[in-house]
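S.K.: File run.txt below, compact mmCIF, C-alpha atoms and all ligand atoms:
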# COMPACT_ATOMS: atom_id res chain seq x y z
CA MET A 1 25.05 7.75 11.35
CA LYS A 2 23.06 4.94 9.71
CA SER A 3 21.34 5.78 6.40
CA LYS A 4 17.57 6.19 6.73
CA ILE A 5 15.81 3.91 4.24
CA VAL A 6 12.27 4.72 3.09
CA PHE A 7 10.10 2.37 1.00
CA LEU A 8 7.19 3.21 -1.27
CA THR A 9 5.33 -0.03 -1.99
CA GLY A 10 2.37 -0.89 -4.19
CA ALA A 11 0.25 -3.87 -5.15
CA GLY A 12 3.19 -5.61 -6.83
CA ILE A 13 4.86 -6.38 -3.49
CA SER A 14 1.80 -8.44 -2.50
CA GLN A 15 1.35 -10.10 -5.90
CA GLU A 16 3.50 -13.11 -5.01
CA SER A 17 1.35 -13.59 -1.92
CA GLY A 18 -1.57 -14.19 -4.28
CA ILE A 19 -3.24 -10.77 -4.07
CA LYS A 20 -4.18 -9.34 -7.49
CA THR A 21 -2.68 -6.02 -8.54
CA PHE A 22 -4.92 -3.38 -10.07
CA ARG A 23 -3.58 -2.74 -13.55
CA ASP A 24 -1.85 -5.96 -14.58
CA ALA A 25 -3.52 -8.12 -17.21
CA ASP A 26 -5.72 -9.97 -14.70
CA GLY A 27 -5.90 -6.97 -12.39
CA LEU A 28 -8.75 -5.87 -10.18
CA TRP A 29 -9.58 -2.91 -12.40
CA ASN A 30 -9.87 -5.18 -15.41
CA ASN A 31 -12.61 -7.13 -13.63
CA HIS A 32 -14.38 -4.26 -11.90
CA ASP A 33 -15.32 -0.72 -12.85
CA ILE A 34 -13.43 1.49 -10.38
CA MET A 35 -16.33 3.94 -10.39
CA GLU A 36 -18.77 1.14 -9.52
CA VAL A 37 -16.89 -0.17 -6.45
CA ALA A 38 -14.25 2.32 -5.26
CA SER A 39 -15.67 5.84 -5.34
CA PRO A 40 -18.00 7.98 -3.20
CA GLN A 41 -20.44 7.96 -6.13
CA ALA A 42 -20.49 4.15 -6.07
CA TRP A 43 -21.11 4.19 -2.31
CA ALA A 44 -24.05 6.57 -2.72
CA LYS A 45 -25.49 4.65 -5.68
CA ASN A 46 -25.03 1.01 -4.64
CA PRO A 47 -23.46 0.55 -1.19
CA LYS A 48 -24.26 -3.17 -1.24
CA LEU A 49 -22.05 -3.70 -4.32
CA VAL A 50 -19.23 -1.70 -2.72
CA LEU A 51 -19.49 -3.66 0.54
CA GLU A 52 -19.39 -6.97 -1.36
CA PHE A 53 -16.28 -5.89 -3.32
CA TYR A 54 -14.41 -5.19 -0.09
CA ASN A 55 -15.90 -8.26 1.69
CA GLN A 56 -14.38 -10.45 -1.04
CA ARG A 57 -10.96 -8.77 -0.69
CA ARG A 58 -11.15 -8.89 3.14
CA ARG A 59 -12.01 -12.63 3.07
CA GLN A 60 -9.05 -13.30 0.76
CA LEU A 61 -6.68 -11.41 3.06
CA HIS A 62 -7.27 -14.09 5.75
CA GLU A 63 -6.05 -16.73 3.26
CA VAL A 64 -2.73 -15.18 2.15
CA GLN A 65 0.67 -14.76 3.79
CA PRO A 66 3.50 -12.22 3.52
CA ASN A 67 6.18 -13.17 0.98
CA ALA A 68 9.98 -12.97 0.78
CA ALA A 69 9.82 -9.28 -0.15
CA HIS A 70 7.89 -8.30 3.00
CA ARG A 71 10.25 -10.44 5.07
CA ALA A 72 13.33 -8.82 3.48
CA ILE A 73 12.15 -5.45 4.81
CA THR A 74 11.93 -6.91 8.33
CA LYS A 75 15.50 -8.20 7.98
CA LEU A 76 16.70 -4.76 6.80
CA GLN A 77 15.10 -3.10 9.84
CA ALA A 78 17.62 -4.90 12.05
CA TYR A 79 20.45 -2.93 10.37
CA PHE A 80 18.95 0.43 9.36
CA PRO A 81 16.21 2.85 10.41
CA VAL A 82 13.43 1.92 7.93
CA GLU A 83 10.02 3.48 7.18
CA VAL A 84 7.46 1.78 4.92
CA ILE A 85 5.03 3.98 3.02
CA THR A 86 2.52 1.73 1.28
CA GLN A 87 -0.37 2.26 -1.12
CA ASN A 88 -1.59 -1.22 -0.17
CA VAL A 89 -4.54 -1.79 2.13
CA ASP A 90 -3.47 -5.32 3.09
CA ASP A 91 -1.69 -5.99 6.40
CA LEU A 92 1.10 -8.13 4.95
CA HIS A 93 3.83 -5.61 5.84
CA GLU A 94 2.69 -5.72 9.47
CA ARG A 95 2.26 -9.52 9.48
CA ALA A 96 5.84 -9.89 8.18
CA GLY A 97 7.02 -7.86 11.18
CA ASN A 98 7.63 -4.58 9.33
CA LYS A 99 7.54 -1.60 11.70
CA ASN A 100 6.76 2.07 10.90
CA VAL A 101 4.16 1.26 8.20
CA TRP A 102 2.19 4.21 6.76
CA HIS A 103 -0.98 3.31 4.82
CA LEU A 104 -1.65 6.10 2.31
CA HIS A 105 -4.86 4.53 0.96
CA GLY A 106 -6.34 3.05 4.16
CA GLU A 107 -6.57 -0.48 5.53
CA LEU A 108 -8.81 -3.40 4.52
CA PHE A 109 -9.07 -4.63 8.15
CA LYS A 110 -10.47 -1.30 9.32
CA VAL A 111 -13.89 0.34 8.90
CA ARG A 112 -15.22 3.77 9.90
CA SER A 113 -18.39 5.76 10.38
CA GLU A 114 -19.52 7.15 7.03
CA LYS A 115 -20.30 10.38 8.89
CA ASN A 116 -17.24 10.79 11.13
CA GLU A 117 -13.87 9.71 9.71
CA ASN A 118 -12.37 9.74 13.20
CA LEU A 119 -14.56 6.82 14.31
CA VAL A 120 -12.36 3.99 13.01
CA TYR A 121 -12.61 0.34 14.10
CA GLU A 122 -10.68 -2.90 13.55
CA TRP A 123 -12.97 -5.11 11.42
CA LYS A 124 -11.93 -8.48 9.99
CA LYS A 125 -15.30 -9.98 9.05
CA ASP A 126 -17.86 -9.13 6.34
CA LEU A 127 -19.43 -5.66 6.57
CA HIS A 128 -23.14 -5.29 5.82
CA LEU A 129 -25.73 -2.52 5.48
CA GLY A 130 -27.03 -1.93 8.98
CA ASP A 131 -23.63 -2.35 10.65
CA THR A 132 -23.28 1.01 12.37
CA ALA A 133 -20.66 3.04 14.26
CA GLU A 134 -21.19 4.44 17.76
CA ASP A 135 -22.63 7.61 16.16
CA GLY A 136 -25.34 5.46 14.59
CA ALA A 137 -24.00 6.02 11.07
CA GLN A 138 -23.43 3.20 8.57
CA LEU A 139 -19.93 1.74 8.67
CA ARG A 140 -17.85 1.95 5.44
CA PRO A 141 -14.45 0.56 4.47
CA HIS A 142 -11.57 2.66 5.88
CA ILE A 143 -10.18 3.00 2.36
CA VAL A 144 -9.36 6.12 0.31
CA TRP A 145 -11.69 5.97 -2.71
CA PHE A 146 -11.03 7.67 -6.03
CA GLY A 147 -11.74 11.35 -5.71
CA GLU A 148 -11.24 11.36 -1.93
CA ALA A 149 -8.47 13.17 -0.05
CA VAL A 150 -5.32 11.30 1.04
CA PRO A 151 -4.89 12.69 4.59
CA MET A 152 -1.76 10.61 5.23
CA ILE A 153 0.21 12.39 2.52
CA GLU A 154 1.05 15.36 4.77
CA LYS A 155 2.28 12.98 7.47
CA VAL A 156 4.63 11.04 5.17
CA LEU A 157 6.15 14.09 3.44
CA PRO A 158 8.75 14.70 6.22
CA VAL A 159 9.50 10.95 6.23
CA VAL A 160 10.33 11.09 2.50
CA GLN A 161 12.36 14.27 2.90
CA GLN A 162 14.53 12.59 5.54
CA ALA A 163 15.28 9.54 3.35
CA ASP A 164 18.90 8.77 2.46
CA ILE A 165 17.84 5.81 0.30
CA PHE A 166 14.38 5.48 -1.36
CA ILE A 167 13.19 2.05 -2.51
CA ILE A 168 10.11 1.79 -4.77
CA VAL A 169 8.63 -1.71 -4.98
CA GLY A 170 5.75 -3.00 -7.10
CA THR A 171 3.91 0.14 -8.11
CA GLY A 172 3.11 1.53 -11.54
CA MET A 173 3.59 5.06 -10.14
CA GLN A 174 0.33 6.06 -11.86
CA VAL A 175 -1.70 7.31 -8.90
CA TYR A 176 -1.16 10.67 -7.19
CA PRO A 177 -0.29 12.03 -4.71
CA ALA A 178 1.57 8.77 -3.86
CA ALA A 179 3.51 8.74 -7.13
CA GLY A 180 4.59 12.37 -6.57
CA LEU A 181 6.52 11.49 -3.40
CA VAL A 182 9.59 10.53 -5.44
CA HIS A 183 9.96 14.23 -6.35
CA GLU A 184 10.12 15.23 -2.65
CA LEU A 185 13.50 13.56 -2.01
CA LYS A 186 16.66 15.43 -1.02
CA SER A 187 18.95 15.79 -4.05
CA GLY A 188 21.48 13.01 -4.41
CA VAL A 189 19.34 10.40 -2.62
CA SER A 190 19.65 7.06 -4.46
CA VAL A 191 16.37 5.64 -5.74
CA TYR A 192 15.93 1.90 -6.35
CA TYR A 193 12.89 0.74 -8.35
CA ILE A 194 12.04 -2.98 -8.15
CA ASP A 195 9.36 -4.03 -10.65
CA PRO A 196 9.40 -6.61 -13.49
CA TYR A 197 7.78 -4.02 -15.77
CA PRO A 198 8.95 -0.70 -14.34
CA SER A 199 7.12 2.43 -15.49
CA PRO A 200 9.40 5.13 -16.96
CA LEU A 201 10.47 7.54 -14.18
CA SER A 202 11.99 10.94 -14.94
CA ILE A 203 13.65 12.08 -11.71
CA GLY A 204 16.79 14.06 -10.94
CA ASN A 205 18.08 11.52 -8.42
CA PRO A 206 20.35 8.55 -9.20
CA LEU A 207 17.96 5.77 -10.32
CA HIS A 208 18.72 2.03 -10.09
CA ILE A 209 16.11 -0.07 -11.90
CA ILE A 210 15.85 -3.72 -10.77
CA ALA A 211 13.53 -5.28 -13.35
CA LYS A 212 12.68 -8.32 -11.23
CA LYS A 213 9.78 -9.56 -9.12
CA ALA A 214 9.85 -8.19 -5.56
CA GLY A 215 10.32 -11.64 -4.04
CA GLU A 216 13.61 -12.00 -5.93
CA GLY A 217 14.88 -8.43 -6.36
CA LEU A 218 14.26 -7.11 -2.86
CA PRO A 219 16.06 -9.82 -0.86
CA GLU A 220 19.05 -9.39 -3.20
CA LEU A 221 19.08 -5.61 -2.68
CA VAL A 222 18.70 -6.03 1.09
CA GLU A 223 21.75 -8.33 1.19
CA GLU A 224 23.73 -5.70 -0.76
CA LEU A 225 22.68 -2.90 1.61
CA ILE A 226 23.45 -4.98 4.70
CA LYS A 227 26.97 -5.72 3.36
CA LYS A 228 27.52 -1.97 2.97
CA ALA A 229 26.24 -1.36 6.52
CA ASP A 230 29.09 -3.37 8.09
N1 LIG B 1 6.89 -7.88 -7.98
C1 LIG B 1 7.06 -6.54 -8.16
N2 LIG B 1 6.23 -5.78 -8.91
C2 LIG B 1 5.20 -6.41 -9.50
C3 LIG B 1 4.95 -7.80 -9.36
C4 LIG B 1 5.85 -8.53 -8.56
N3 LIG B 1 5.69 -9.86 -8.38
N4 LIG B 1 3.82 -8.10 -10.08
C5 LIG B 1 3.39 -6.94 -10.64
N5 LIG B 1 4.22 -5.93 -10.30
C6 LIG B 1 4.14 -4.51 -10.64
C7 LIG B 1 3.49 -4.20 -11.97
O1 LIG B 1 4.47 -4.28 -13.03
C8 LIG B 1 3.01 -2.77 -11.75
O2 LIG B 1 4.03 -1.84 -12.05
O3 LIG B 1 3.32 -3.89 -9.69
C9 LIG B 1 2.74 -2.72 -10.24
C10 LIG B 1 1.26 -2.76 -9.91
O4 LIG B 1 0.71 -1.56 -10.39
P1 LIG B 1 -0.84 -1.27 -10.04
O5 LIG B 1 -1.65 -2.50 -10.29
O6 LIG B 1 -1.20 -0.01 -10.72
O7 LIG B 1 -0.84 -1.07 -8.47
P2 LIG B 1 -0.40 0.22 -7.66
O8 LIG B 1 0.69 0.95 -8.37
O9 LIG B 1 -0.16 -0.22 -6.26
O10 LIG B 1 -1.76 1.12 -7.69
C11 LIG B 1 -1.72 2.31 -6.95
O11 LIG B 1 -4.04 2.67 -7.48
O12 LIG B 1 -6.00 1.59 -7.72
C12 LIG B 1 -5.32 2.44 -6.89
O13 LIG B 1 -5.53 2.75 -4.60
C13 LIG B 1 -5.14 1.81 -5.57
O14 LIG B 1 -3.18 1.73 -4.18
C14 LIG B 1 -3.65 1.55 -5.50
C15 LIG B 1 -3.09 2.61 -6.43
Take the structure in the file and write it out as structure tokens.
Ligand code: APR

M.R.:
Amino acid sequence: MKSKIVFLTGAGISQESGIKTFRDADGLWNNHDIMEVASPQAWAKNPKLVLEFYNQRRRQLHEVQPNAAHRAITKLQAYFPVEVITQNVDDLHERAGNKNVWHLHGELFKVRSEKNENLVYEWKKDLHLGDTAEDGAQLRPHIVWFGEAVPMIEKVLPVVQQADIFIIVGTGMQVYPAAGLVHELKSGVSVYYIDPYPSPLSIGNPLHIIAKKAGEGLPELVEELIKKAD
């Protein structure tokens, strides 16, 4: 039976594609106040500012491409059952051909009614005040803001609990409940953590730190895993 491989990815896997992370030196949160652009309070206080923040990030997403790390996951999927749980809202996993992608924090190319979270639409252009859903309500980014629930977490829990190998790539493991998933693994499951500046992790499982950029460390690990698959 082939080992089931589950990824948990964060902003670091998209960094080499040119998308800023959040907490690195030049990160998004160093240039914006989270509470001014990524919270329900911000949306209530100044929706125009929030819309512009996401319009800028949505415009940039049209200009960037997946990198070697995203492509390495696609290669791995030819040899193993693979699931990708991501905190990222970009579509680079999908554009690289990754299947079974779970977006914990929403998607930049989707919007929804601010009144009914089930009215979700593909949306790749700028979003403005006055753009409304079929229920007549203002459209908002389909993104989980700080202080909001993470509905996907219940759906990915069984995925994590079925993992035989867990690979963390490019996340500071600072934001919950995403960061807590590593504690939901079966005992004995090997954990690999690819990040040039890995945060300290205290877990009971075997931990292999690969202190490299995703674009270098992940293709190397994928080659190793494929060799073992034969
Ligand atoms: N390759 C791999 N990892 C990298 C690279 C790279 N080229 N460049 C940076 N990193 C690492 C950093 O060392 C850091 O550990 O990526 C991580 C980025 O951490 P954050 O900026 O905190 O991003 P992330 O962990 O994804 O944030 C989680 O917080 O702001 C919220 O909702 C937002 O999904 C986001 C969540």

S.K.: If I take atom C6 of ligand LIG 1 (chain B) and CA of Lys110 (chain A), how far is one from the other in Å, to one decimal?

M.R.: 24.9 Å

S.K.: Report, in Å with one decimal, the straight-line distance from CA of Tyr192 (chain A) to atom C15 of ligand LIG 1 (chain B).

M.R.: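 That distance, rounded to one decimal, is 19.0 Å.
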
S.K.: Give the residue list for ligand LIG 1 (chain B) at 8 Å, counting all atoms listed in the file, as a ChimeraX atom specification, sorted by chain and then by residue number.

M.R.: /A:9-16,20-24,27-29,34,86-89,104-105,144-146,169-175,178,194-199,212-215

S.K.: Restricting the calculation to only C-alpha atoms: of A:Gln77, A:Val156, A:Pro66, A:Arg112, which residue gets closest to Glu94 (chain A)?

M.R.: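 The closest residue to Glu94 (chain A) is A:Pro66.
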
S.K.: Can you tell me which residues surround Val6 (chain A) at a distance of at most 10 Å, considering all atoms listed in the file, apart from same-chain residues fewer than 5 positions away, and format the answer as a ChimeraX atom specification?

M.R.: /A:81-85,100,159-168,191

S.K.: Which one of A:Leu218, A:Ala38, A:Val182, A:Leu225 sits closest to Gly204 (chain A) if you count all atoms listed in the file?

M.R.: A:Val182

S.K.: From the set A:Gly18, A:Pro151, A:Pro200, A:Gly136, which residue has the shortest atom-to-atom contact distance to Asp90 (chain A), counting all atoms listed in the file?

M.R.: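 Looking at the shortest contact to Asp90 (chain A), the residue is A:Gly18.
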
S.K.: At a cut-off of 12 Å, using only C-alpha atoms, what residues contact His62 (chain A)? Leave out same-chain residues fewer than 5 positions from it and give the result as a PDB file with C-alpha atoms, in the coordinates of the input.

M.R.:
ATOM      1  CA  SER A  17       1.350 -13.590  -1.920  1.00  0.00           C
ATOM      2  CA  GLY A  18      -1.570 -14.190  -4.280  1.00  0.00           C
ATOM      3  CA  ILE A  19      -3.240 -10.770  -4.070  1.00  0.00           C
ATOM      4  CA  ASN A  55     -15.900  -8.260   1.690  1.00  0.00           C
ATOM      5  CA  GLN A  56     -14.380 -10.450  -1.040  1.00  0.00           C
ATOM      6  CA  ARG A  57     -10.960  -8.770  -0.690  1.00  0.00           C
ATOM      7  CA  ASP A  90      -3.470  -5.320   3.090  1.00  0.00           C
ATOM      8  CA  ASP A  91      -1.690  -5.990   6.400  1.00  0.00           C
ATOM      9  CA  LEU A  92       1.100  -8.130   4.950  1.00  0.00           C
ATOM     10  CA  ARG A  95       2.260  -9.520   9.480  1.00  0.00           C
ATOM     11  CA  LEU A 108      -8.810  -3.400   4.520  1.00  0.00           C
ATOM     12  CA  PHE A 109      -9.070  -4.630   8.150  1.00  0.00           C
ATOM     13  CA  LYS A 124     -11.930  -8.480   9.990  1.00  0.00           C
ATOM     14  CA  LYS A 125     -15.300  -9.980   9.050  1.00  0.00           C
ATOM     15  CA  ASP A 126     -17.860  -9.130   6.340  1.00  0.00           C
TER      16      ASP A 126
END

S.K.: Rank A:Val50, A:Leu76, A:Leu129, A:Leu8 by their smallest atom-to-atom distance to Trp102 (chain A), using all atoms listed in the file, and report the top residue only.

M.R.: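 Comparing A:Val50, A:Leu76, A:Leu129, A:Leu8 against Trp102 (chain A), the winner is A:Leu8.
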
S.K.: Smallest atom-to-atom distance to Asn205 (chain A): which of A:Tyr54, A:Tyr193, A:Trp43, A:Tyr176, using all atoms listed in the file?

M.R.: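 When distances to Asn205 (chain A) are compared using all atoms listed in the file, the smallest one comes from A:Tyr193.
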
S.K.: Which of these residues is nearest to Ile226 (chain A), using all atoms listed in the file: A:Leu207, A:Val120, A:Ala78, A:Leu127?

M.R.: A:Ala78

S.K.: In Å to one decimal, how far is CA of Ala211 (chain A) from CA of Ile73 (chain A)?

M.R.: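 Distance between the two atoms: 18.2 Å.
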